[in-house]
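Novice: Okay, so here is protein-v7.cif, and as you'll see once you scroll down, it has mmCIF, C-alpha atoms (C1' of nucleotides).
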```
data_upload
loop_
_atom_site.label_atom_id
_atom_site.label_comp_id
_atom_site.auth_asym_id
_atom_site.auth_seq_id
_atom_site.Cartn_x
_atom_site.Cartn_y
_atom_site.Cartn_z
CA MET A 1 -5.02 -30.86 33.56
CA ALA A 2 -7.18 -33.86 34.03
CA ARG A 3 -5.96 -35.09 37.32
CA GLU A 4 -8.25 -37.86 38.24
CA PRO A 5 -8.99 -37.64 41.89
CA VAL A 6 -11.11 -34.57 42.13
CA ALA A 7 -13.29 -34.42 45.17
CA VAL A 8 -16.95 -34.81 44.45
CA THR A 9 -17.72 -31.79 46.51
CA GLU A 10 -15.45 -29.73 44.38
CA VAL A 11 -17.43 -30.69 41.34
CA PHE A 12 -20.70 -29.86 43.04
CA LYS A 13 -19.32 -26.59 44.20
CA ALA A 14 -18.34 -25.77 40.66
CA LEU A 15 -21.82 -26.61 39.43
CA GLY A 16 -23.44 -24.69 42.23
CA ASP A 17 -23.21 -21.31 40.64
CA PRO A 18 -25.80 -20.07 38.14
CA ILE A 19 -23.23 -18.67 35.76
CA ARG A 20 -21.11 -21.78 35.80
CA TRP A 21 -24.15 -23.99 35.39
CA SER A 22 -25.14 -21.91 32.46
CA ILE A 23 -21.68 -22.28 30.97
CA VAL A 24 -21.75 -26.01 31.41
CA GLN A 25 -25.14 -26.24 29.78
CA GLN A 26 -23.94 -24.35 26.77
CA ILE A 27 -20.76 -26.29 26.40
CA ALA A 28 -22.63 -29.54 26.71
CA GLN A 29 -24.37 -28.89 23.46
CA GLU A 30 -21.28 -28.83 21.34
CA ASP A 31 -18.15 -30.82 21.04
CA GLU A 32 -16.17 -27.65 21.23
CA PHE A 33 -17.42 -24.37 22.51
CA ALA A 34 -15.70 -21.09 21.72
CA CYS A 35 -14.88 -18.85 24.59
CA SER A 36 -15.91 -15.80 22.64
CA LEU A 37 -19.46 -17.10 22.45
CA LEU A 38 -19.70 -17.20 26.19
CA GLU A 39 -18.79 -13.60 26.25
CA ASP A 40 -21.78 -12.73 24.14
CA MET A 41 -24.31 -14.72 26.06
CA LEU A 42 -23.36 -14.11 29.64
CA PRO A 43 -24.08 -10.94 31.58
CA VAL A 44 -20.61 -10.66 33.04
CA SER A 45 -17.29 -9.29 32.01
CA LYS A 46 -14.50 -11.17 30.33
CA PRO A 47 -12.33 -11.59 33.39
CA THR A 48 -15.26 -13.02 35.25
CA ILE A 49 -15.86 -15.59 32.56
CA SER A 50 -12.26 -16.53 32.71
CA TYR A 51 -12.56 -16.88 36.44
CA HIS A 52 -15.50 -19.23 36.17
CA THR A 53 -14.06 -21.36 33.43
CA LYS A 54 -10.96 -21.78 35.49
CA ILE A 55 -12.98 -23.09 38.36
CA LEU A 56 -14.78 -25.50 36.07
CA SER A 57 -11.50 -26.64 34.66
CA GLN A 58 -9.97 -27.19 38.07
CA ALA A 59 -12.99 -29.20 39.07
CA GLY A 60 -12.29 -31.38 36.08
CA LEU A 61 -15.59 -30.60 34.46
CA ILE A 62 -14.29 -29.01 31.29
CA GLU A 63 -11.23 -29.23 29.20
CA VAL A 64 -9.53 -26.25 27.62
CA HIS A 65 -7.97 -26.21 24.18
CA LYS A 66 -6.22 -23.35 22.57
CA ARG A 67 -6.13 -23.11 18.83
CA GLY A 68 -4.62 -20.10 17.25
CA ARG A 69 -5.58 -17.24 19.46
CA ASN A 70 -8.90 -18.71 20.39
CA TYR A 71 -9.86 -20.87 23.29
CA PHE A 72 -12.30 -23.72 23.16
CA TYR A 73 -13.94 -25.66 25.92
CA SER A 74 -15.37 -29.12 25.97
CA LEU A 75 -17.31 -31.00 28.57
CA ARG A 76 -15.74 -33.93 30.40
CA ARG A 77 -18.67 -36.23 30.05
CA ASP A 78 -16.89 -38.99 31.85
CA VAL A 79 -16.59 -36.83 34.91
CA MET A 80 -20.24 -35.93 34.68
CA ARG A 81 -21.13 -39.59 34.59
CA GLU A 82 -18.95 -40.30 37.54
CA VAL A 83 -20.76 -37.67 39.52
CA MET A 84 -24.06 -39.16 38.49
CA GLY A 85 -22.75 -42.44 39.77
CA GLU A 86 -22.11 -40.92 43.15
CA LEU A 87 -25.63 -39.61 43.31
CA TRP A 88 -27.01 -42.87 42.12
CA ASP A 89 -25.38 -44.63 45.02
CA LEU A 90 -27.30 -42.43 47.40
CA ALA A 91 -30.62 -42.63 45.68
CA PRO A 92 -30.98 -45.64 43.45
CA ASP A 93 -34.14 -45.93 41.47
CA GLU A 94 -37.30 -47.26 43.00
CA GLU A 95 -35.68 -49.65 45.34
CA LYS A 96 -37.26 -52.79 44.16
CA GLY A 97 -35.76 -55.39 46.34
CA ALA A 98 -32.14 -54.71 45.87
CA VAL A 99 -29.88 -52.07 44.63
CA ARG A 100 -29.86 -52.42 40.93
CA ALA A 101 -26.64 -52.33 39.13
CA ARG A 102 -26.09 -49.17 37.25
CA PRO A 103 -22.97 -48.12 35.45
CA ALA A 104 -21.70 -48.98 38.89
CA PRO A 105 -18.42 -47.22 39.30
CA ARG A 106 -18.25 -47.90 42.96
CA ALA A 107 -18.35 -50.40 45.72
CA GLU A 108 -21.66 -50.68 47.44
CA ARG A 109 -22.84 -51.80 50.77
CA ALA A 110 -25.56 -53.95 52.14
CA PRO A 111 -28.98 -52.54 51.42
CA ALA A 112 -30.47 -54.88 53.92
CA ALA A 113 -32.45 -54.11 56.97
CA ALA A 114 -31.41 -50.55 57.53
CA ASP A 115 -33.70 -49.93 60.39
CA GLU A 116 -33.24 -47.66 63.30
CA ALA A 117 -30.73 -45.04 64.02
CA ASP A 118 -27.56 -46.48 65.43
CA ALA A 119 -26.21 -48.41 62.54
CA ASN A 120 -22.62 -48.35 61.51
CA VAL A 121 -21.60 -44.80 61.51
CA ARG A 122 -18.43 -44.09 59.72
CA LEU A 123 -16.83 -40.81 59.37
CA LEU A 124 -15.68 -40.36 55.90
CA THR A 125 -14.40 -39.64 52.57
CA TRP A 126 -13.09 -36.20 52.69
CA MET B 1 -40.47 -27.22 54.09
CA ALA B 2 -39.50 -28.05 50.57
CA ARG B 3 -40.63 -24.92 48.87
CA GLU B 4 -41.86 -25.32 45.39
CA PRO B 5 -39.24 -24.75 42.79
CA VAL B 6 -35.73 -25.22 43.90
CA ALA B 7 -33.05 -24.17 41.50
CA VAL B 8 -30.64 -26.87 40.45
CA THR B 9 -27.74 -24.68 41.31
CA GLU B 10 -29.03 -24.36 44.82
CA VAL B 11 -29.00 -28.10 45.18
CA PHE B 12 -25.47 -28.34 43.82
CA LYS B 13 -24.37 -25.58 46.09
CA ALA B 14 -25.78 -27.45 49.03
CA LEU B 15 -23.95 -30.60 47.98
CA GLY B 16 -20.75 -28.72 47.32
CA ASP B 17 -19.57 -28.59 50.89
CA PRO B 18 -17.67 -31.48 52.41
CA ILE B 19 -19.59 -31.42 55.65
CA ARG B 20 -22.94 -31.36 53.94
CA TRP B 21 -21.93 -34.07 51.52
CA SER B 22 -20.90 -36.15 54.44
CA ILE B 23 -24.24 -35.53 56.11
CA VAL B 24 -26.12 -36.48 52.99
CA GLN B 25 -24.13 -39.64 52.62
CA GLN B 26 -24.92 -40.72 56.12
CA ILE B 27 -28.57 -39.89 55.89
CA ALA B 28 -28.85 -41.77 52.64
CA GLN B 29 -28.11 -45.02 54.39
CA GLU B 30 -31.10 -44.93 56.65
CA ASP B 31 -34.73 -44.14 56.32
CA GLU B 32 -34.42 -41.85 59.26
CA PHE B 33 -31.22 -40.45 60.61
CA ALA B 34 -30.95 -39.04 64.12
CA CYS B 35 -29.47 -35.60 64.47
CA SER B 36 -27.60 -36.66 67.56
CA LEU B 37 -25.56 -39.08 65.50
CA LEU B 38 -24.32 -36.32 63.30
CA GLU B 39 -23.04 -34.57 66.30
CA ASP B 40 -20.89 -37.53 67.18
CA MET B 41 -19.43 -38.04 63.77
CA LEU B 42 -18.78 -34.56 62.53
CA PRO B 43 -15.88 -32.41 63.63
CA VAL B 44 -17.96 -29.32 64.11
CA SER B 45 -20.08 -27.83 66.79
CA LYS B 46 -23.79 -28.23 67.25
CA PRO B 47 -24.79 -24.86 65.86
CA THR B 48 -22.76 -25.54 62.77
CA ILE B 49 -24.54 -28.81 62.20
CA SER B 50 -27.80 -27.05 62.59
CA TYR B 51 -26.70 -24.50 60.06
CA HIS B 52 -25.78 -27.11 57.50
CA THR B 53 -28.88 -29.19 57.91
CA LYS B 54 -30.90 -26.06 57.44
CA ILE B 55 -29.21 -25.39 54.15
CA LEU B 56 -29.80 -28.95 53.00
CA SER B 57 -33.40 -28.63 54.01
CA GLN B 58 -33.86 -25.36 52.16
CA ALA B 59 -32.31 -26.89 49.09
CA GLY B 60 -34.99 -29.56 49.31
CA LEU B 61 -32.50 -32.34 49.77
CA ILE B 62 -33.58 -33.54 53.16
CA GLU B 63 -36.70 -33.57 55.20
CA VAL B 64 -36.81 -32.85 58.89
CA HIS B 65 -39.01 -34.63 61.40
CA LYS B 66 -39.23 -33.93 65.05
CA ARG B 67 -40.27 -36.67 67.39
CA GLY B 68 -40.20 -35.96 71.07
CA ARG B 69 -37.18 -33.82 71.57
CA ASN B 70 -35.18 -35.50 68.88
CA TYR B 71 -34.80 -34.53 65.28
CA PHE B 72 -34.60 -36.96 62.41
CA TYR B 73 -33.59 -36.36 58.86
CA SER B 74 -34.41 -38.26 55.73
CA LEU B 75 -33.17 -37.93 52.19
CA ARG B 76 -35.44 -36.66 49.45
CA ARG B 77 -34.56 -39.33 46.95
CA ASP B 78 -36.94 -37.91 44.42
CA VAL B 79 -35.03 -34.66 44.42
CA MET B 80 -31.78 -36.53 44.07
CA ARG B 81 -33.16 -38.28 41.04
CA GLU B 82 -34.30 -35.02 39.56
CA VAL B 83 -30.79 -33.71 39.86
CA MET B 84 -29.40 -36.81 38.26
CA GLY B 85 -31.82 -36.25 35.46
CA GLU B 86 -30.46 -32.78 34.87
CA LEU B 87 -26.96 -34.14 34.68
CA TRP B 88 -28.06 -36.91 32.43
CA ASP B 89 -29.40 -34.38 29.97
CA LEU B 90 -25.96 -32.88 29.67
CA ALA B 91 -24.03 -36.10 29.47
CA PRO B 92 -26.16 -38.96 28.30
CA ASP B 93 -24.53 -42.33 28.24
CA GLU B 94 -22.25 -43.26 25.40
CA GLU B 95 -24.01 -41.29 22.78
CA LYS B 96 -25.26 -44.00 20.58
CA GLY B 97 -27.22 -42.11 18.05
CA ALA B 98 -29.11 -39.35 19.70
CA VAL B 99 -30.54 -38.45 23.01
CA ARG B 100 -31.69 -41.66 24.48
CA ALA B 101 -34.55 -42.01 26.81
CA ARG B 102 -33.69 -41.40 30.36
CA PRO B 103 -35.18 -43.43 33.15
CA ALA B 104 -37.84 -40.84 33.80
CA PRO B 105 -37.96 -37.75 31.67
CA ARG B 106 -39.68 -35.50 34.10
CA ALA B 107 -42.58 -37.00 35.96
CA GLU B 108 -41.90 -40.20 37.74
CA ARG B 109 -44.34 -42.74 38.88
CA ALA B 110 -45.30 -42.21 42.46
CA PRO B 111 -44.10 -44.81 44.90
CA ALA B 112 -47.66 -45.80 45.53
CA ALA B 113 -48.51 -44.45 48.93
CA ALA B 114 -48.23 -40.74 48.57
CA ASP B 115 -46.33 -39.33 51.43
CA GLU B 116 -47.07 -35.99 52.82
CA ALA B 117 -45.49 -33.14 51.04
CA ASP B 118 -45.33 -34.71 47.66
CA ALA B 119 -44.58 -31.25 46.50
CA ASN B 120 -43.34 -32.13 43.09
CA VAL B 121 -40.24 -30.15 43.32
CA ARG B 122 -39.70 -28.95 39.86
CA LEU B 123 -36.12 -28.12 39.26
CA LEU B 124 -35.75 -24.94 37.37
CA THR B 125 -32.96 -24.64 34.93
CA TRP B 126 -32.48 -21.01 35.73
"C1'" DC C 1 -43.04 -27.23 89.55
"C1'" DG C 2 -37.90 -27.04 88.44
"C1'" DG C 3 -34.04 -28.87 86.59
"C1'" DC C 4 -32.13 -31.24 82.32
"C1'" DT C 5 -31.23 -32.16 77.65
"C1'" DA C 6 -31.54 -31.92 72.44
"C1'" DG C 7 -31.36 -28.66 69.12
"C1'" DA C 8 -32.33 -24.22 67.07
"C1'" DT C 9 -31.22 -19.08 66.91
"C1'" DT C 10 -28.60 -14.97 67.36
"C1'" DC C 11 -24.37 -12.59 66.98
"C1'" DA C 12 -19.72 -11.22 65.81
"C1'" DT C 13 -15.93 -12.46 63.10
"C1'" DA C 14 -12.60 -14.71 59.99
"C1'" DG C 15 -12.43 -16.37 55.57
"C1'" DT C 16 -14.14 -17.07 50.88
"C1'" DT C 17 -16.55 -15.75 46.43
"C1'" DG C 18 -17.92 -13.08 42.57
"C1'" DC C 19 -17.09 -9.14 40.20
"C1'" DC C 20 -14.78 -5.56 37.41
"C1'" DG C 21 -10.98 -2.32 35.56
"C1'" DA C 22 -6.41 -2.41 34.47
"C1'" DA C 23 -2.33 -4.64 33.19
"C1'" DT C 24 -0.28 -8.53 30.96
"C1'" DA C 25 0.65 -12.45 27.67
"C1'" DC C 26 0.23 -14.69 23.46
"C1'" DT C 27 -0.92 -15.07 18.44
"C1'" DG C 28 -1.61 -14.06 13.66
"C1'" DG C 29 -1.28 -10.77 10.15
"C1'" DA C 30 0.35 -6.39 7.70
"C1'" DT D 1 8.60 -5.70 13.44
"C1'" DC D 2 4.75 -3.67 15.28
"C1'" DC D 3 -0.28 -3.88 15.72
"C1'" DA D 4 -4.85 -5.64 16.70
"C1'" DG D 5 -7.44 -9.38 18.62
"C1'" DT D 6 -8.27 -12.75 22.31
"C1'" DA D 7 -8.14 -14.29 26.67
"C1'" DT D 8 -5.72 -14.67 31.33
"C1'" DT D 9 -3.89 -12.69 35.59
"C1'" DC D 10 -3.64 -9.00 39.10
"C1'" DG D 11 -5.57 -5.83 42.67
"C1'" DG D 12 -9.07 -4.58 45.30
"C1'" DC D 13 -13.72 -4.23 46.87
"C1'" DA D 14 -18.58 -5.66 48.33
"C1'" DA D 15 -21.24 -9.48 49.51
"C1'" DC D 16 -21.72 -13.85 51.23
"C1'" DT D 17 -20.41 -18.22 54.03
"C1'" DA D 18 -18.92 -20.93 57.82
"C1'" DT D 19 -17.91 -21.06 62.54
"C1'" DG D 20 -18.21 -21.14 67.83
"C1'" DA D 21 -19.83 -18.67 72.15
"C1'" DA D 22 -23.70 -17.35 74.24
"C1'" DT D 23 -28.56 -17.60 74.44
"C1'" DC D 24 -33.13 -19.41 73.80
"C1'" DT D 25 -36.95 -23.00 73.36
"C1'" DA D 26 -39.35 -27.32 73.72
"C1'" DG D 27 -40.02 -31.71 75.61
"C1'" DC D 28 -38.65 -35.33 79.27
"C1'" DC D 29 -38.34 -36.73 84.04
"C1'" DG D 30 -38.07 -36.32 88.92
#
```
Produce structure tokens that represent the structure in this file.
Specialist:
Amino acid sequence: MAREPVAVTEVFKALGDPIRWSIVQQIAQEDEFACSLLEDMLPVSKPTISYHTKILSQAGLIEVHKRGRNYFYSLRRDVMREVMGELWDLAPDEEKGAVRARPAPRAERAPAAADEADANVRLLTW
Amino acid sequence: MAREPVAVTEVFKALGDPIRWSIVQQIAQEDEFACSLLEDMLPVSKPTISYHTKILSQAGLIEVHKRGRNYFYSLRRDVMREVMGELWDLAPDEEKGAVRARPAPRAERAPAAADEADANVRLLTW
DNA sequence: CGGCTAGATTCATAGTTGCCGAATACTGGA
DNA sequence: TCCAGTATTCGGCAACTATGAATCTAGCCG
């Protein structure tokens, strides 16, 4: 269920819904979060919760465990960090001189002169 | 342009589309990115590009400048960092102990020369 | 002025999303 | 074994999203 290469956009899409964001926030606070609790705190029906958790799972953001007849979710913090890495690449901290190394999960490019429009335009990654 | 409080989920939603992610990635590499370049590198029509840039703009992710008859876009790095902050709250680095200090909890030091539209975009957590 | 060009806007239309009620599957216990 | 509890899957509907064709607007240049 944790197939590695999940498109970044898929993760963002998963996070881009208020209910799913809310779910993720809740789950993030525990090591294991019971499905039944979500039911109590969200304003939607059970099938809808299931629908959203499935999307989160497919995006690789959460992991699903079944124990007895209960389901538990846990946050894939590594995936979260990877996403942060992607964002970091686009907007590193106050750019003092050079691009500072961060938990750099990724190849970077020349910061350099980056001046006018026209530079190397590459079509990409998806 | 960047209306006051933009919901995090709106930002994620904006980033959760391959075309928009691609746009953001390109823009991130320059201080100013010409609209016309997008047209060359994206496999969609002009109106569609316009549509997507509008969404990015409404999400507060990019800023739009018009100079002559050309449009230029630039990335709101401060907003990007805000978003990273939100993610960081959910998945701090290897949890050594407790919640460790993030780069900038909420208010970051201004980059000296205040631009126009500082508009401290506060990200609501819904 | 009048044509020209870079983009935005409007519009209609496929396709996708979010939602719920009902049906289904699985589990633990009596 | 059958029942009650827990959650997923199915079917269908309303709302939203993404898209290109046609149209409009603003700035450049002759």
Novice: Pull out every residue of chain B sitting within 10 Å of chain D, counting all atoms listed in the file, and send them as JSON, numbers by chain.
Specialist: {"B": [44, 45, 46, 47, 48, 51, 52, 67, 68, 69, 70]}
Novice: Compute the set of chain C residues within 12 Å of chain A, using all atoms listed in the file, and express it as a list in words.
Specialist: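 Taken together, these residues fit the definition: DT17, DG18, DC19, DC20, DG21, DA22, DA25, DC26, DT27 and DG28 of chain C.
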Novice: Mind writing the picked residues with C-alpha atoms (C1' of nucleotides) as a short mmCIF file (atom, residue, chain, number, x, y, z; two decimals), in the frame of the given file?
Specialist:
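Written out: out.cif:
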```cif
data_model
loop_
_atom_site.label_atom_id
_atom_site.label_comp_id
_atom_site.auth_asym_id
_atom_site.auth_seq_id
_atom_site.Cartn_x
_atom_site.Cartn_y
_atom_site.Cartn_z
"C1'" DT C 17 -16.55 -15.75 46.43
"C1'" DG C 18 -17.92 -13.08 42.57
"C1'" DC C 19 -17.09 -9.14 40.20
"C1'" DC C 20 -14.78 -5.56 37.41
"C1'" DG C 21 -10.98 -2.32 35.56
"C1'" DA C 22 -6.41 -2.41 34.47
"C1'" DA C 25 0.65 -12.45 27.67
"C1'" DC C 26 0.23 -14.69 23.46
"C1'" DT C 27 -0.92 -15.07 18.44
"C1'" DG C 28 -1.61 -14.06 13.66
#
```
Novice: Of the candidates B:Phe12, B:Phe33, B:Tyr71, B:Trp21, which shows the shortest atom-to-atom distance to C:DG7, using only C-alpha atoms (C1' of nucleotides)?
Specialist: B:Tyr71
Novice: Quick one: of B:Met84, B:Cys35, B:Ala59, B:Ile49, who's nearest to chain A, counting all atoms listed in the file?
Specialist: B:Met84
Novice: Rank B:Phe72, B:Asp78, B:Lys13, B:Ile27 by their smallest atom-to-atom distance to chain A, using all atoms listed in the file, and report the top residue only.
Specialist: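 Under the stated criterion, the closest residue is B:Lys13.
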Novice: Can you build me a table of chain B residues sitting at most 7 Å from chain A, with the closest atom pair per residue and its distance in Å to one decimal, using all atoms listed in the file, sorted by chain and residue number, as a tab-separated table?
Specialist:
```
residue	atom	partner	partner_atom	distance
B:Thr9	CA	A:Gly16	CA	4.4
B:Glu10	CA	A:Gly16	CA	6.2
B:Phe12	CA	A:Gly16	CA	4.5
B:Lys13	CA	A:Gly16	CA	4.1
B:Leu15	CA	A:Phe12	CA	6.0
B:Gly16	CA	A:Lys13	CA	4.0
B:Asp17	CA	A:Thr9	CA	5.7
B:Pro18	CA	A:Thr9	CA	5.9
B:Trp21	CA	A:Thr9	CA	6.9
B:Ser22	CA	A:Leu124	CA	6.9
B:Gln25	CA	A:Leu90	CA	6.7
B:Ala28	CA	A:Leu90	CA	5.5
B:Glu30	CA	A:Ala114	CA	5.7
B:Glu32	CA	A:Ala117	CA	6.8
B:Phe33	CA	A:Ala117	CA	5.7
B:Ala34	CA	A:Ala117	CA	6.0
B:Met41	CA	A:Leu123	CA	5.8
B:Arg77	CA	A:Ala91	CA	5.3
B:Met80	CA	A:Ala91	CA	6.4
B:Arg81	CA	A:Ala91	CA	6.8
B:Met84	CA	A:Met84	CA	5.8
B:Leu87	CA	A:Met84	CA	6.9
B:Leu90	CA	A:Ala28	CA	5.6
B:Ala91	CA	A:Arg77	CA	5.4
```
Novice: Record the distance separating atom CA of A:Ile23 and atom CA of A:Glu39, expressed in Å with one decimal.
Specialist: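 Between atom CA of A:Ile23 and atom CA of A:Glu39 the gap works out to 10.3 Å.
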Novice: Go ahead and compute the interatomic distance for atom CA of A:His65 and atom CA of A:Ser36, in Å to one decimal.
Specialist: 13.2 Å
Novice: Provide an axis-aligned box for all listed atoms of stretch 56-71 of chain A, padding each side by 6 Å; report its centre and its edge lengths in Å to one decimal, as AutoDock Vina command-line options.
Specialist:
```
--center_x -10.1 --center_y -24.3 --center_z 28.2 --size_x 23.0 --size_y 26.1 --size_z 33.8
```
